[in-house]
Amino acid sequence: MLKILLPLLLVAQLGTAQVAIQDCSIGQSTIQIKTEHFQPVYPGIYFINLHANETTSIEATTAYLATVGGSFLQLVHGQVRYVDFTLNNMAYRIDPNRIFTQQGRKETLKKNSSYNLLAEKETARFADTILAQLKDAKLIVAMHNNTDGDLSITSYTKGKAEAMNAADVYINKEMDADDFVYTTERSIFEHLKKQQINVVLQKAKGFKDDGSLSVYCGTKHIAYINIEAQQGHKEQQLQMLQALTSILEQYKK
Ligand SMILES: [Zn+2]
């Protein structure tokens, strides 16, 4: 079909959301960036899902945006976390939320397959294609799911694995520790704390460069919110989204 013309923008009407699909090459492989525009669309505000296996976050975001409007980007390449590609007959694997800095790309290639300069450059090109879609971003809301007992709000407390990235942590012991919000903005942190929602404030500087979108936004001074919920906790993830509605209103102005 027309798909041989890369990159190609296909636009179709689907329910209330307008769907755009961009084919995006990485090495000899192609994955897609799908953008759903729910009416009304707010320039500069983007919801994004980078891990295609975290399906609860996709369901929660779609349900939420159908009621309030907004743009939602997803990577489409099967329901798996990692992106696989081939380059010069070599197979590579990357975590798509570890590709937004050079250091992150190097580490994710090493950890999941192998590193060389060409593979890193190709990964950088892929990251730039995603970032090009977010170029006027004022606020990015990243949607993620975790599994029970893996990453949680307690990972950010003193002595734990993620403690070095946190400037402040609020924990509501009544909430599941796997359901929490991570943000770069003090005002968003305070807003959620007031509503007794588990929340972590990322340090303004000195956070670990793991190449994630939060690090990129922290460096570029783009407001960033990551809504984490345990896979299957759609209601809880929706509640965290709804708790942020008045914050979103401020960024819509
Ligand atoms: Zn994720």
# chains A, B, ... in the order shown; residues from 1 in each chain; ligands from 1
$ residues_near_ligand --ligand "ligand 1" --cutoff "6 Å" --atoms "only C-alpha atoms and all ligand atoms" --output "JSON, numbers by chain"
{"A": [51, 144, 145]}
$ residues_around --residues "segment 102-113 of chain A" --least-positions-apart "5" --cutoff "7 Å" --atoms "only C-alpha atoms" --output "list of chain:residue names"
A:Tyr92, A:Arg93, A:Ile94, A:Asp95, A:Glu120, A:Thr123, A:Asp209, A:Asp210, A:Gly211
$ write_last_selection --atoms "C-alpha atoms" --output "mmCIF file, in the first residue's frame"
data_model
loop_
_atom_site.group_PDB
_atom_site.id
_atom_site.type_symbol
_atom_site.label_atom_id
_atom_site.label_comp_id
_atom_site.auth_asym_id
_atom_site.auth_seq_id
_atom_site.Cartn_x
_atom_site.Cartn_y
_atom_site.Cartn_z
ATOM 1 C CA TYR A 92 19.398 -4.652 18.860
ATOM 2 C CA ARG A 93 16.967 -4.091 21.704
ATOM 3 C CA ILE A 94 16.241 -0.835 23.522
ATOM 4 C CA ASP A 95 13.922 0.366 26.254
ATOM 5 C CA GLU A 120 23.506 4.609 19.249
ATOM 6 C CA THR A 123 18.567 5.093 18.378
ATOM 7 C CA ASP A 209 20.800 10.363 33.800
ATOM 8 C CA ASP A 210 19.073 7.141 32.750
ATOM 9 C CA GLY A 211 17.858 8.607 29.438
#
$ residues_around --residues "Ala63 of chain A" --least-positions-apart "2" --cutoff "12 Å" --atoms "only C-alpha atoms" --output "PyMOL selection string"
chain A and resi 16-17+38+56-61+65-70+72+234-235+237-239+241-242
$ write_last_selection --atoms "C-alpha atoms" --output "mmCIF file, in the first residue's frame"
data_model
loop_
_atom_site.group_PDB
_atom_site.id
_atom_site.type_symbol
_atom_site.label_atom_id
_atom_site.label_comp_id
_atom_site.auth_asym_id
_atom_site.auth_seq_id
_atom_site.Cartn_x
_atom_site.Cartn_y
_atom_site.Cartn_z
ATOM 1 C CA THR A 16 -14.422 11.310 18.644
ATOM 2 C CA ALA A 17 -10.657 10.882 18.242
ATOM 3 C CA PHE A 38 -9.537 13.798 21.278
ATOM 4 C CA THR A 56 -3.976 -0.466 31.563
ATOM 5 C CA SER A 57 -2.379 2.962 31.124
ATOM 6 C CA ILE A 58 -3.582 3.057 27.511
ATOM 7 C CA GLU A 59 -7.141 2.168 28.563
ATOM 8 C CA ALA A 60 -7.174 4.735 31.393
ATOM 9 C CA THR A 61 -5.797 7.522 29.179
ATOM 10 C CA LEU A 65 -9.276 11.963 27.217
ATOM 11 C CA ALA A 66 -12.593 10.927 25.661
ATOM 12 C CA THR A 67 -14.221 13.054 28.387
ATOM 13 C CA VAL A 68 -11.862 16.069 28.567
ATOM 14 C CA GLY A 69 -10.022 16.162 25.202
ATOM 15 C CA GLY A 70 -6.304 16.119 24.438
ATOM 16 C CA PHE A 72 -2.256 10.911 23.154
ATOM 17 C CA LYS A 234 -7.429 1.181 35.659
ATOM 18 C CA GLU A 235 -9.783 2.822 38.182
ATOM 19 C CA GLN A 237 -5.031 5.357 37.333
ATOM 20 C CA LEU A 238 -8.179 7.177 36.228
ATOM 21 C CA GLN A 239 -8.566 8.663 39.705
ATOM 22 C CA LEU A 241 -5.739 11.538 36.159
ATOM 23 C CA GLN A 242 -8.927 13.123 37.482
#
$ closest_residue --among "A:Gly44, A:Gln133, A:Thr62, A:Asn53" --to "Cys24 of chain A" --atoms "only C-alpha atoms"
A:Gln133
$ atom_distance --atom1 "atom CA of Ile197 of chain A" --atom2 "atom CA of Ala137 of chain A"
25.1 Å
$ select_by_dssp --residues "segment 9-204 of chain A" --states "strand (DSSP E or B)" --output "number ranges by chain"
A: 9-14, 17-26, 29-38, 45-49, 70-76, 83-87, 90-94, 139-146, 166-170, 180-183, 199-202
$ write_last_selection --atoms "C-alpha atoms" --output "JSON list (two decimals), in the first residue's frame"
[["chain", "number", "residue", "atom", "x", "y", "z"],
["A", 9, "LEU", "CA", 0.99, 10.40, 7.86],
["A", 10, "LEU", "CA", -2.32, 8.61, 7.71],
["A", 11, "VAL", "CA", -5.28, 10.49, 9.11],
["A", 12, "ALA", "CA", -8.61, 8.89, 9.84],
["A", 13, "GLN", "CA", -11.69, 9.67, 11.90],
["A", 14, "LEU", "CA", -12.41, 7.16, 14.65],
["A", 17, "ALA", "CA", -10.66, 10.88, 18.24],
["A", 18, "GLN", "CA", -8.80, 11.78, 15.08],
["A", 19, "VAL", "CA", -6.03, 9.20, 14.62],
["A", 20, "ALA", "CA", -2.68, 9.92, 12.92],
["A", 21, "ILE", "CA", -0.16, 7.14, 12.33],
["A", 22, "GLN", "CA", 3.43, 7.92, 11.45],
["A", 23, "ASP", "CA", 5.70, 5.14, 10.22],
["A", 24, "CYS", "CA", 9.09, 5.53, 11.83],
["A", 25, "SER", "CA", 12.13, 3.61, 10.67],
["A", 26, "ILE", "CA", 14.86, 2.42, 13.02],
["A", 29, "SER", "CA", 12.84, -2.03, 11.12],
["A", 30, "THR", "CA", 9.71, 0.10, 11.19],
["A", 31, "ILE", "CA", 7.55, 0.95, 14.16],
["A", 32, "GLN", "CA", 4.63, 3.34, 14.34],
["A", 33, "ILE", "CA", 3.83, 6.43, 16.36],
["A", 34, "LYS", "CA", 0.08, 6.60, 16.79],
["A", 35, "THR", "CA", -1.44, 9.91, 17.87],
["A", 36, "GLU", "CA", -5.05, 10.18, 18.93],
["A", 37, "HIS", "CA", -6.49, 13.68, 19.03],
["A", 38, "PHE", "CA", -9.54, 13.80, 21.28],
["A", 45, "ILE", "CA", -0.12, 19.29, 26.31],
["A", 46, "TYR", "CA", 0.71, 15.68, 25.42],
["A", 47, "PHE", "CA", -0.15, 12.35, 26.98],
["A", 48, "ILE", "CA", 2.26, 9.59, 26.00],
["A", 49, "ASN", "CA", 2.61, 5.83, 26.41],
["A", 70, "GLY", "CA", -6.30, 16.12, 24.44],
["A", 71, "SER", "CA", -3.58, 14.41, 22.41],
["A", 72, "PHE", "CA", -2.26, 10.91, 23.15],
["A", 73, "LEU", "CA", 0.89, 9.43, 21.55],
["A", 74, "GLN", "CA", 1.70, 5.72, 21.60],
["A", 75, "LEU", "CA", 4.40, 3.52, 20.13],
["A", 76, "VAL", "CA", 2.87, 0.64, 18.16],
["A", 83, "VAL", "CA", 11.78, -2.02, 20.79],
["A", 84, "ASP", "CA", 13.73, -4.47, 18.63],
["A", 85, "PHE", "CA", 15.51, -3.43, 15.46],
["A", 86, "THR", "CA", 18.11, -4.74, 13.06],
["A", 87, "LEU", "CA", 20.99, -2.73, 11.67],
["A", 90, "MET", "CA", 22.74, -7.23, 13.81],
["A", 91, "ALA", "CA", 19.80, -7.38, 16.24],
["A", 92, "TYR", "CA", 19.40, -4.65, 18.86],
["A", 93, "ARG", "CA", 16.97, -4.09, 21.70],
["A", 94, "ILE", "CA", 16.24, -0.84, 23.52],
["A", 139, "LEU", "CA", 3.41, 19.70, 29.75],
["A", 140, "ILE", "CA", 4.00, 16.00, 29.12],
["A", 141, "VAL", "CA", 1.95, 13.38, 30.95],
["A", 142, "ALA", "CA", 3.63, 9.97, 30.66],
["A", 143, "MET", "CA", 1.43, 6.97, 31.39],
["A", 144, "HIS", "CA", 3.03, 3.82, 32.82],
["A", 145, "ASN", "CA", 2.14, 0.57, 34.56],
["A", 146, "ASN", "CA", 4.25, -1.55, 36.85],
["A", 166, "ALA", "CA", 13.71, 12.47, 44.70],
["A", 167, "ALA", "CA", 13.58, 15.96, 46.22],
["A", 168, "ASP", "CA", 10.40, 15.16, 48.14],
["A", 169, "VAL", "CA", 8.07, 12.17, 48.64],
["A", 170, "TYR", "CA", 4.52, 12.02, 50.00],
["A", 180, "PHE", "CA", 1.74, 6.99, 42.38],
["A", 181, "VAL", "CA", 2.58, 10.15, 40.47],
["A", 182, "TYR", "CA", 6.12, 11.39, 39.68],
["A", 183, "THR", "CA", 6.60, 15.02, 38.68],
["A", 199, "VAL", "CA", 3.61, 11.57, 44.81],
["A", 200, "VAL", "CA", 7.34, 12.02, 44.17],
["A", 201, "LEU", "CA", 9.02, 15.31, 43.25],
["A", 202, "GLN", "CA", 12.05, 14.89, 40.99]]
$ closest_residue --among "A:Leu192, A:Leu151, A:Gly27, A:Tyr224" --to "Arg125 of chain A" --atoms "only C-alpha atoms"
A:Gly27
$ atom_distance --atom1 "atom CA of Pro96 of chain A" --atom2 "atom CA of Leu50 of chain A"
6.1 Å
$ select_by_dssp --residues "segment 57-236 of chain A" --states "alpha helix (DSSP H)" --output "MDAnalysis selection string"
chainID A and resid 57:68 102:112 117:132 186:194 213:220 234:236
